[in-house]
Amino acid sequence: MNKSTSFFSVGNPLYGDDGVGKAVLDTLKALPEYKNATFFDAGTDALSLIDHFSKDGQNIIVDAAKMGKSPGSVVAISPKDAKLIIQWDHLSIHGFGLAETFQMAEKIGSLPKKVIIIGIEPEEIKIDKGLSETVVNAIPKAINLIKREVNINGS
Amino acid sequence: MKKDLNINVHHLTRVEGHGNIVVNMKEGKLEKAQLEIVEAPRYFESMLKGRSFHEAAIITSRICGICSLGHQITSLKATEDALGLEVSEQTVLLRKLLINGATIQSNVLHAYFLAAPDFLGVGSVFPLVSSHPDVVVRALRMKRLANDIGDIVSGRAVHPITPVPGGFTKIPSVSELTEIKRRLEEEALPDVMATVETMIALAGAIPKFNRETEYISLRNENEYAFYDGQICSSDTGLVSDTEYRKMTNEFVVSHSTSKHAKVNRSSYMVGALARWNNNFDKYADGVRDAAAKLGLTGVNTNPYMITIAQVVEVAHCVYDSIAIIDKLLTNGLKNEKPNQTPTKYGMGIGSTEVPRGILYHEYTYDRRGQILNANCIIPTGQNLGNIDDDMKKLVPEILDKSKEEITLHLEMLVRAYDPCISCSVHMLDVDFIE
């Protein structure tokens, strides 16, 4: 089942809670119900998502997100219903992140119809720290939310 | 002519980690012209302490999304140098193929996403997508092929997994390499030609500005140096990479959290234009012809031409990748095991040309194969002093322009170097629509 579901993570595991996306993806990979799903960790190259989106399938992206909520909060964000803040200062290609990638994908017609971001509010983004306890505790919440999203929107 | 000028390009984003351009002129005297880096220091060296030789390349590949392959290969070379691990010809060829892929990707993104919008006067790549969608789609197609090279050779395009100390844990198949070669010939070569034509059409918008500086890059008598070579200074010639500290001399400045560097002058340049200036004799004739069409015929002292030198490198990397695949297939792919038996312990250095210039990693290992000390010198740090010196010469030369035009010229200058800032964390920032 869920053959057409693609899971993505964005973020840097060297920086504390910024690595939560990859941690969630690693957990999902071990679940039997997603054994036919595809997984791709974009790490710090969000733009590479454009090459891996499933055009007709369900796309779920997991990322640490500053949402103004309490640390460990997990929210399913539809890009249509939220404003993803462009942070790129146009001085270096290095600042091209998820918000910028979405805008690019939309303009060239590569943004899939079914795409949801699972945002997890971080507690601490600090180099050489693992995930905070608060964010580790949020992983099961994220998994449950993803399961719901796949059931609602998946094919 | 202006007597007073105050430019302060602070990008008011919510994240830390950006470069601010600050220029201050009072009564005709330039008091300040500099790029301020306000990113928190990253302390990767301290993170490497105590890590095993198996881990160093994996950790350093996470330093940066765009430069991940460069850090990984440089880290592997430093580890192999320290532990006395010899690698095979096949390993070197596969690594060179990976470097070509990473260079194509980075240079294409730089030329199309950062420089082309300036040359067309559209501000950023987003309006370019609407006005010139074919051009942006071409850029993304070239990036994808470059990523696919990474995917098949290193297991994954971003943060590779199969390159390890002493070799590769898995090598690509004959059919995978043959398919990549077909795409290089049928997709990439026409795209390179189209890119050259696009850049010729835009070259008139490149600002005319020249400042001679010291150019430092690797140089290899046998080939255009990316993977290895001696350190070459345009001022003083060749030295071994064991002398890299003398060829960087890092120092702290108050306006940047990133260290600056200098050798024979107050600053020096690394990157595509420095490589061109030190190595253009090593290019194949066809590539040099493309360079000539783009206005690069010999030593060039205009930093805005970095973009053009990058486009020339893309052409070289495509041709060179085809030649490498031919050689690998002619030699026959061997299922080699990585050589991971240390023959010594101690200090080792890796130096590689990554898209923005020479990258150095130095590690000292103890007898358990764990890192005692690490030192990484990235290209952007080496270029920062040169950017400041460019600004100091540029501003007085363009004072007859409006403040907006001067600001644009300064931003274009910084973009030409494409400094590696704010790359380590890309956290999504969301406002919910109530």
# chains A, B, ... in the order shown; residues from 1 in each chain; ligands from 1
>>> residues_around(residues="Ser78 in chain A", least_positions_apart="6", cutoff="8 Å", atoms="only C-alpha atoms", output="PDB file with N, CA and C atoms, in the first residue's frame")
ATOM      1  N   VAL A 115       0.651  17.917  -1.691  1.00  0.00           N
ATOM      2  CA  VAL A 115       1.882  18.125  -0.918  1.00  0.00           C
ATOM      3  C   VAL A 115       1.539  18.749   0.438  1.00  0.00           C
ATOM      4  N   ILE A 116       2.073  18.145   1.459  1.00  0.00           N
ATOM      5  CA  ILE A 116       1.842  18.608   2.829  1.00  0.00           C
ATOM      6  C   ILE A 116       3.197  18.702   3.527  1.00  0.00           C
ATOM      7  N   ILE A 117       3.365  19.780   4.295  1.00  0.00           N
ATOM      8  CA  ILE A 117       4.572  19.891   5.111  1.00  0.00           C
ATOM      9  C   ILE A 117       4.197  19.545   6.552  1.00  0.00           C
TER      10      ILE A 117
END
>>> residues_around(residues="Leu93 in chain B", least_positions_apart="5", cutoff="10 Å", atoms="only C-alpha atoms", output="list in words")
Ser88, Leu98, Ile99, Tyr227, Ser321, Ile324, Ile325, Lys327 and Leu328 of chain B
>>> residues_around(residues="Gly43 in chain A", least_positions_apart="2", cutoff="9 Å", atoms="only C-alpha atoms", output="list in words")
Ser9, Val10, Gly11, Asn12, Pro13, Gly19, Gly21, Lys22, Phe40, Asp41, Asp45 and Ala46 of chain A; Arg62, Gly65, Val158 and His159 of chain B
>>> closest_atom_pairs(of="chain A", to="chain B", cutoff="7 Å", atoms="only C-alpha atoms", output="Markdown table")
| residue | atom | partner | partner_atom | distance |
| --- | --- | --- | --- | --- |
| A:Gly11 | CA | B:His426 | CA | 6.3 |
| A:Asn12 | CA | B:Val425 | CA | 6.1 |
| A:Leu14 | CA | B:Arg62 | CA | 6.9 |
| A:Asp18 | CA | B:Met427 | CA | 6.8 |
| A:Ala42 | CA | B:Val158 | CA | 6.6 |
| A:Gly43 | CA | B:Gly65 | CA | 6.8 |
| A:Thr44 | CA | B:Gly65 | CA | 4.3 |
| A:Asp45 | CA | B:Gly65 | CA | 4.8 |
| A:Asp51 | CA | B:Arg144 | CA | 6.6 |
| A:Ala64 | CA | B:Met427 | CA | 5.8 |
| A:Ala65 | CA | B:Leu428 | CA | 4.6 |
| A:Lys66 | CA | B:Asp429 | CA | 4.8 |
| A:Met67 | CA | B:Val430 | CA | 5.2 |
| A:Asp81 | CA | B:Ile433 | CA | 6.3 |
| A:Ala82 | CA | B:Phe432 | CA | 4.6 |
| A:Lys83 | CA | B:Asp431 | CA | 5.0 |
| A:Leu84 | CA | B:Val430 | CA | 4.8 |
| A:Ile85 | CA | B:Asp429 | CA | 5.4 |
| A:Gln87 | CA | B:Thr13 | CA | 5.7 |
| A:Asp89 | CA | B:His11 | CA | 6.2 |
| A:His90 | CA | B:Ser124 | CA | 6.9 |
| A:Leu91 | CA | B:Arg415 | CA | 5.0 |
| A:Ser92 | CA | B:Asp418 | CA | 4.6 |
| A:Ile93 | CA | B:His110 | CA | 6.5 |
| A:His94 | CA | B:Cys423 | CA | 4.9 |
| A:Gly95 | CA | B:Cys423 | CA | 5.7 |
| A:Gly97 | CA | B:His426 | CA | 5.6 |
| A:Leu98 | CA | B:Leu428 | CA | 6.4 |
| A:Ala99 | CA | B:Leu428 | CA | 6.8 |
| A:Met104 | CA | B:Phe126 | CA | 6.8 |
| A:Lys107 | CA | B:Val129 | CA | 6.5 |
| A:Ile108 | CA | B:Val129 | CA | 6.8 |
| A:Ile127 | CA | B:Arg42 | CA | 6.9 |
| A:Asp128 | CA | B:Met47 | CA | 6.3 |
>>> select_by_dssp(residues="range 20-104 of chain A", states="strand (DSSP E)", output="number ranges by chain")
A: 38-43, 58-66, 74-77, 82-84
>>> write_last_selection(atoms="all heavy atoms", output="short mmCIF file (atom, residue, chain, number, x, y, z; two decimals), in the first residue's frame")
data_model
loop_
_atom_site.label_atom_id
_atom_site.label_comp_id
_atom_site.auth_asym_id
_atom_site.auth_seq_id
_atom_site.Cartn_x
_atom_site.Cartn_y
_atom_site.Cartn_z
N THR A 38 8.48 5.89 -1.11
CA THR A 38 9.84 6.35 -1.41
C THR A 38 10.26 7.39 -0.37
O THR A 38 9.42 8.13 0.15
CB THR A 38 9.95 6.95 -2.82
OG1 THR A 38 9.00 7.99 -2.94
CG2 THR A 38 9.69 5.92 -3.89
N PHE A 39 11.54 7.41 -0.09
CA PHE A 39 12.08 8.30 0.93
C PHE A 39 13.24 9.09 0.35
O PHE A 39 14.08 8.52 -0.35
CB PHE A 39 12.58 7.49 2.13
CG PHE A 39 11.50 6.72 2.83
CD1 PHE A 39 11.16 5.44 2.41
CD2 PHE A 39 10.81 7.28 3.90
CE1 PHE A 39 10.15 4.74 3.04
CE2 PHE A 39 9.81 6.58 4.54
CZ PHE A 39 9.47 5.30 4.11
N PHE A 40 13.30 10.37 0.68
CA PHE A 40 14.44 11.17 0.20
C PHE A 40 14.76 12.25 1.23
O PHE A 40 13.92 13.08 1.58
CB PHE A 40 14.11 11.83 -1.14
CG PHE A 40 15.24 12.68 -1.68
CD1 PHE A 40 16.38 12.10 -2.19
CD2 PHE A 40 15.16 14.07 -1.65
CE1 PHE A 40 17.43 12.88 -2.66
CE2 PHE A 40 16.19 14.86 -2.11
CZ PHE A 40 17.33 14.26 -2.63
N ASP A 41 15.99 12.20 1.73
CA ASP A 41 16.45 13.23 2.67
C ASP A 41 17.21 14.29 1.87
O ASP A 41 18.30 14.02 1.37
CB ASP A 41 17.36 12.60 3.73
CG ASP A 41 18.02 13.66 4.59
OD1 ASP A 41 17.42 14.74 4.81
OD2 ASP A 41 19.17 13.42 5.05
N ALA A 42 16.62 15.47 1.75
CA ALA A 42 17.25 16.55 0.96
C ALA A 42 18.34 17.24 1.77
O ALA A 42 19.09 18.05 1.21
CB ALA A 42 16.21 17.56 0.51
N GLY A 43 18.43 16.96 3.06
CA GLY A 43 19.46 17.58 3.88
C GLY A 43 19.41 19.09 3.77
O GLY A 43 18.35 19.70 3.95
N GLN A 58 1.19 11.34 -3.38
CA GLN A 58 1.15 12.17 -2.18
C GLN A 58 2.59 12.49 -1.75
O GLN A 58 3.42 11.58 -1.66
CB GLN A 58 0.41 11.39 -1.08
CG GLN A 58 0.49 12.00 0.30
CD GLN A 58 -0.41 13.22 0.47
OE1 GLN A 58 -0.94 13.77 -0.50
NE2 GLN A 58 -0.58 13.66 1.69
N ASN A 59 2.87 13.75 -1.50
CA ASN A 59 4.21 14.18 -1.08
C ASN A 59 4.16 14.74 0.34
O ASN A 59 3.39 15.68 0.59
CB ASN A 59 4.74 15.27 -2.02
CG ASN A 59 4.95 14.77 -3.43
OD1 ASN A 59 6.00 14.26 -3.76
ND2 ASN A 59 3.92 14.90 -4.26
N ILE A 60 4.93 14.16 1.21
CA ILE A 60 4.95 14.64 2.59
C ILE A 60 6.38 15.05 2.96
O ILE A 60 7.32 14.24 2.86
CB ILE A 60 4.42 13.55 3.55
CG1 ILE A 60 2.93 13.33 3.21
CG2 ILE A 60 4.62 13.95 5.01
CD1 ILE A 60 2.24 12.33 4.06
N ILE A 61 6.52 16.31 3.35
CA ILE A 61 7.85 16.85 3.67
C ILE A 61 7.91 17.13 5.16
O ILE A 61 7.02 17.81 5.70
CB ILE A 61 8.08 18.17 2.90
CG1 ILE A 61 7.95 17.93 1.39
CG2 ILE A 61 9.45 18.74 3.22
CD1 ILE A 61 7.81 19.22 0.59
N VAL A 62 8.90 16.62 5.81
CA VAL A 62 9.03 16.84 7.26
C VAL A 62 10.20 17.79 7.51
O VAL A 62 11.31 17.56 7.01
CB VAL A 62 9.26 15.51 8.01
CG1 VAL A 62 9.10 15.72 9.50
CG2 VAL A 62 8.30 14.42 7.52
N ASP A 63 9.94 18.84 8.28
CA ASP A 63 10.98 19.84 8.49
C ASP A 63 10.75 20.55 9.82
O ASP A 63 9.61 20.68 10.27
CB ASP A 63 10.91 20.88 7.34
CG ASP A 63 12.12 21.82 7.32
OD1 ASP A 63 13.12 21.55 8.01
OD2 ASP A 63 12.06 22.83 6.59
N ALA A 64 11.83 20.99 10.43
CA ALA A 64 11.70 21.89 11.58
C ALA A 64 11.14 23.21 11.06
O ALA A 64 11.56 23.67 10.00
CB ALA A 64 13.05 22.10 12.24
N ALA A 65 10.19 23.79 11.76
CA ALA A 65 9.57 25.02 11.27
C ALA A 65 9.32 25.99 12.41
O ALA A 65 8.83 25.60 13.48
CB ALA A 65 8.26 24.70 10.56
N LYS A 66 9.71 27.24 12.16
CA LYS A 66 9.41 28.29 13.15
C LYS A 66 7.99 28.76 12.90
O LYS A 66 7.71 29.44 11.91
CB LYS A 66 10.37 29.46 12.96
CG LYS A 66 11.69 29.26 13.68
CD LYS A 66 12.72 30.23 13.19
CE LYS A 66 12.52 31.63 13.73
NZ LYS A 66 13.55 32.56 13.22
N VAL A 74 3.44 19.99 16.56
CA VAL A 74 3.49 19.38 15.22
C VAL A 74 2.27 19.84 14.44
O VAL A 74 1.14 19.72 14.92
CB VAL A 74 3.49 17.84 15.31
CG1 VAL A 74 3.60 17.23 13.91
CG2 VAL A 74 4.63 17.35 16.19
N VAL A 75 2.51 20.39 13.25
CA VAL A 75 1.40 20.94 12.47
C VAL A 75 1.51 20.47 11.03
O VAL A 75 2.60 20.46 10.45
CB VAL A 75 1.43 22.50 12.50
CG1 VAL A 75 0.30 23.08 11.65
CG2 VAL A 75 1.33 23.02 13.93
N ALA A 76 0.38 20.04 10.47
CA ALA A 76 0.35 19.73 9.03
C ALA A 76 0.05 21.03 8.29
O ALA A 76 -0.98 21.67 8.50
CB ALA A 76 -0.72 18.70 8.74
N ILE A 77 1.00 21.44 7.47
CA ILE A 77 0.88 22.74 6.80
C ILE A 77 0.61 22.51 5.32
O ILE A 77 1.41 21.86 4.63
CB ILE A 77 2.20 23.55 6.94
CG1 ILE A 77 2.59 23.71 8.41
CG2 ILE A 77 2.08 24.90 6.26
CD1 ILE A 77 4.05 24.09 8.61
N ALA A 82 -0.77 28.59 4.17
CA ALA A 82 0.20 29.25 5.04
C ALA A 82 1.18 30.04 4.17
O ALA A 82 1.39 29.74 3.00
CB ALA A 82 0.97 28.20 5.85
N LYS A 83 1.74 31.07 4.76
CA LYS A 83 2.73 31.84 4.03
C LYS A 83 4.12 31.33 4.44
O LYS A 83 4.50 31.41 5.61
CB LYS A 83 2.58 33.32 4.40
CG LYS A 83 3.43 34.22 3.56
CD LYS A 83 3.23 35.67 3.94
CE LYS A 83 4.21 36.54 3.20
NZ LYS A 83 4.37 37.83 3.83
N LEU A 84 4.82 30.78 3.47
CA LEU A 84 6.18 30.32 3.75
C LEU A 84 7.10 31.52 3.50
O LEU A 84 7.16 32.04 2.39
CB LEU A 84 6.56 29.15 2.83
CG LEU A 84 5.55 27.98 2.79
CD1 LEU A 84 6.05 26.90 1.84
CD2 LEU A 84 5.33 27.41 4.18
#
>>> select_by_dssp(residues="range 145-254 of chain B", states="helix (DSSP H, G or I)", output="number ranges by chain")
B: 145-154, 174-205, 241-243
>>> residues_around(residues="Thr169 in chain B", least_positions_apart="6", cutoff="7 Å", atoms="only C-alpha atoms", output="JSON, numbers by chain")
{"B": [162, 163, 337, 338]}
>>> residues_around(residues="range 349-364 of chain B", least_positions_apart="3", cutoff="6 Å", atoms="only C-alpha atoms", output="compact mmCIF listing (two decimals) with all heavy atoms, in the first residue's frame")
# COMPACT_ATOMS: atom_id res chain seq x y z
N GLY B 70 32.32 18.46 -1.93
CA GLY B 70 33.67 19.00 -1.82
C GLY B 70 34.26 18.74 -0.45
O GLY B 70 35.43 18.34 -0.32
N THR B 74 37.48 16.19 0.20
CA THR B 74 38.66 16.78 0.85
C THR B 74 38.93 16.09 2.18
O THR B 74 40.09 15.83 2.54
CB THR B 74 38.42 18.29 1.05
OG1 THR B 74 37.96 18.85 -0.17
CG2 THR B 74 39.70 19.00 1.47
N SER B 75 37.87 15.78 2.91
CA SER B 75 38.01 15.08 4.18
C SER B 75 38.61 13.69 3.96
O SER B 75 39.53 13.27 4.68
CB SER B 75 36.62 14.96 4.83
OG SER B 75 36.70 14.17 5.99
N LYS B 77 40.54 12.73 1.55
CA LYS B 77 41.96 12.87 1.18
C LYS B 77 42.83 13.17 2.40
O LYS B 77 43.94 12.66 2.52
CB LYS B 77 42.11 13.97 0.13
CG LYS B 77 41.60 13.56 -1.25
CD LYS B 77 41.63 14.71 -2.24
CE LYS B 77 43.03 15.21 -2.48
NZ LYS B 77 43.05 16.39 -3.38
N ALA B 78 42.30 14.01 3.31
CA ALA B 78 43.07 14.32 4.52
C ALA B 78 43.24 13.07 5.38
O ALA B 78 44.34 12.79 5.90
CB ALA B 78 42.38 15.43 5.32
N THR B 103 30.59 20.46 -9.40
CA THR B 103 30.97 21.75 -9.99
C THR B 103 29.92 22.21 -11.00
O THR B 103 29.55 23.39 -11.02
CB THR B 103 32.36 21.64 -10.66
OG1 THR B 103 33.29 21.12 -9.70
CG2 THR B 103 32.85 22.99 -11.15
N PHE B 226 41.33 20.08 -10.36
CA PHE B 226 40.24 20.13 -9.38
C PHE B 226 40.57 19.19 -8.22
O PHE B 226 40.49 19.57 -7.07
CB PHE B 226 38.90 19.70 -10.01
CG PHE B 226 38.16 20.79 -10.71
CD1 PHE B 226 38.02 20.77 -12.08
CD2 PHE B 226 37.58 21.83 -10.00
CE1 PHE B 226 37.33 21.79 -12.74
CE2 PHE B 226 36.89 22.85 -10.65
CZ PHE B 226 36.76 22.82 -12.02
N TYR B 227 40.93 17.93 -8.58
CA TYR B 227 41.07 16.91 -7.54
C TYR B 227 42.35 17.06 -6.74
O TYR B 227 42.34 16.91 -5.53
CB TYR B 227 41.02 15.52 -8.17
CG TYR B 227 41.11 14.39 -7.18
CD1 TYR B 227 40.06 14.13 -6.30
CD2 TYR B 227 42.25 13.60 -7.09
CE1 TYR B 227 40.14 13.11 -5.37
CE2 TYR B 227 42.35 12.56 -6.17
CZ TYR B 227 41.29 12.33 -5.32
OH TYR B 227 41.37 11.31 -4.40
N ASP B 228 43.44 17.35 -7.41
CA ASP B 228 44.68 17.56 -6.66
C ASP B 228 45.71 18.34 -7.47
O ASP B 228 45.54 18.56 -8.67
CB ASP B 228 45.28 16.25 -6.14
CG ASP B 228 45.67 15.30 -7.26
OD1 ASP B 228 45.64 15.71 -8.42
OD2 ASP B 228 45.99 14.14 -6.95
N VAL B 270 40.33 33.27 -4.53
CA VAL B 270 40.25 31.86 -4.91
C VAL B 270 38.95 31.66 -5.69
O VAL B 270 38.07 32.52 -5.69
CB VAL B 270 40.28 30.91 -3.69
CG1 VAL B 270 41.60 31.01 -2.95
CG2 VAL B 270 39.11 31.20 -2.73
N GLY B 271 38.82 30.53 -6.37
CA GLY B 271 37.58 30.25 -7.10
C GLY B 271 37.81 30.15 -8.60
O GLY B 271 38.94 30.05 -9.07
N GLY B 346 48.88 10.01 12.45
CA GLY B 346 49.49 11.33 12.56
C GLY B 346 48.70 12.34 11.77
O GLY B 346 47.48 12.24 11.66
N ILE B 371 40.27 11.37 15.73
CA ILE B 371 40.83 12.70 15.44
C ILE B 371 41.20 13.43 16.73
O ILE B 371 40.38 13.57 17.64
CB ILE B 371 39.81 13.52 14.62
CG1 ILE B 371 39.67 12.91 13.22
CG2 ILE B 371 40.24 14.98 14.51
CD1 ILE B 371 38.65 13.61 12.33
N LEU B 372 42.47 13.87 16.78
CA LEU B 372 42.93 14.68 17.91
C LEU B 372 42.70 16.17 17.62
O LEU B 372 42.33 16.93 18.51
CB LEU B 372 44.43 14.46 18.15
CG LEU B 372 44.85 13.10 18.71
CD1 LEU B 372 46.37 12.94 18.62
CD2 LEU B 372 44.38 12.97 20.16
N ASN B 373 42.98 16.57 16.39
CA ASN B 373 42.83 17.98 15.99
C ASN B 373 42.37 18.06 14.55
O ASN B 373 42.75 17.22 13.73
CB ASN B 373 44.17 18.72 16.10
CG ASN B 373 44.48 19.09 17.52
OD1 ASN B 373 43.72 19.79 18.17
ND2 ASN B 373 45.60 18.57 18.00
N ALA B 374 41.60 19.09 14.27
CA ALA B 374 41.15 19.29 12.89
C ALA B 374 41.22 20.77 12.55
O ALA B 374 41.06 21.62 13.42
CB ALA B 374 39.72 18.79 12.72
N ASN B 375 41.48 21.05 11.29
CA ASN B 375 41.48 22.44 10.82
C ASN B 375 40.87 22.45 9.41
O ASN B 375 41.31 21.70 8.54
CB ASN B 375 42.92 22.98 10.77
CG ASN B 375 42.97 24.46 10.46
OD1 ASN B 375 42.05 25.20 10.82
ND2 ASN B 375 44.01 24.90 9.78
N CYS B 376 39.83 23.24 9.22
CA CYS B 376 39.19 23.33 7.90
C CYS B 376 39.22 24.80 7.47
O CYS B 376 38.78 25.68 8.22
CB CYS B 376 37.73 22.88 7.94
SG CYS B 376 37.46 21.25 8.61
N ILE B 377 39.74 25.06 6.29
CA ILE B 377 39.75 26.44 5.77
C ILE B 377 38.92 26.47 4.49
O ILE B 377 39.27 25.82 3.50
CB ILE B 377 41.18 26.95 5.52
CG1 ILE B 377 41.94 26.94 6.85
CG2 ILE B 377 41.15 28.34 4.90
CD1 ILE B 377 43.34 27.52 6.78
N ILE B 378 37.82 27.19 4.55
CA ILE B 378 36.89 27.18 3.42
C ILE B 378 37.18 28.35 2.46
O ILE B 378 37.74 29.37 2.87
CB ILE B 378 35.41 27.22 3.89
CG1 ILE B 378 35.09 28.54 4.59
CG2 ILE B 378 35.09 26.05 4.79
CD1 ILE B 378 33.61 28.78 4.76
N PRO B 379 36.79 28.19 1.20
CA PRO B 379 37.08 29.23 0.21
C PRO B 379 36.48 30.59 0.55
O PRO B 379 37.13 31.62 0.35
CB PRO B 379 36.47 28.67 -1.08
CG PRO B 379 36.39 27.21 -0.89
CD PRO B 379 36.18 26.99 0.58
>>> residues_around(residues="Lys403 in chain B", least_positions_apart="4", cutoff="12 Å", atoms="only C-alpha atoms", output="PyMOL selection string")
chain B and resi 1-2+4-9+23-25+395+398-399+407-410
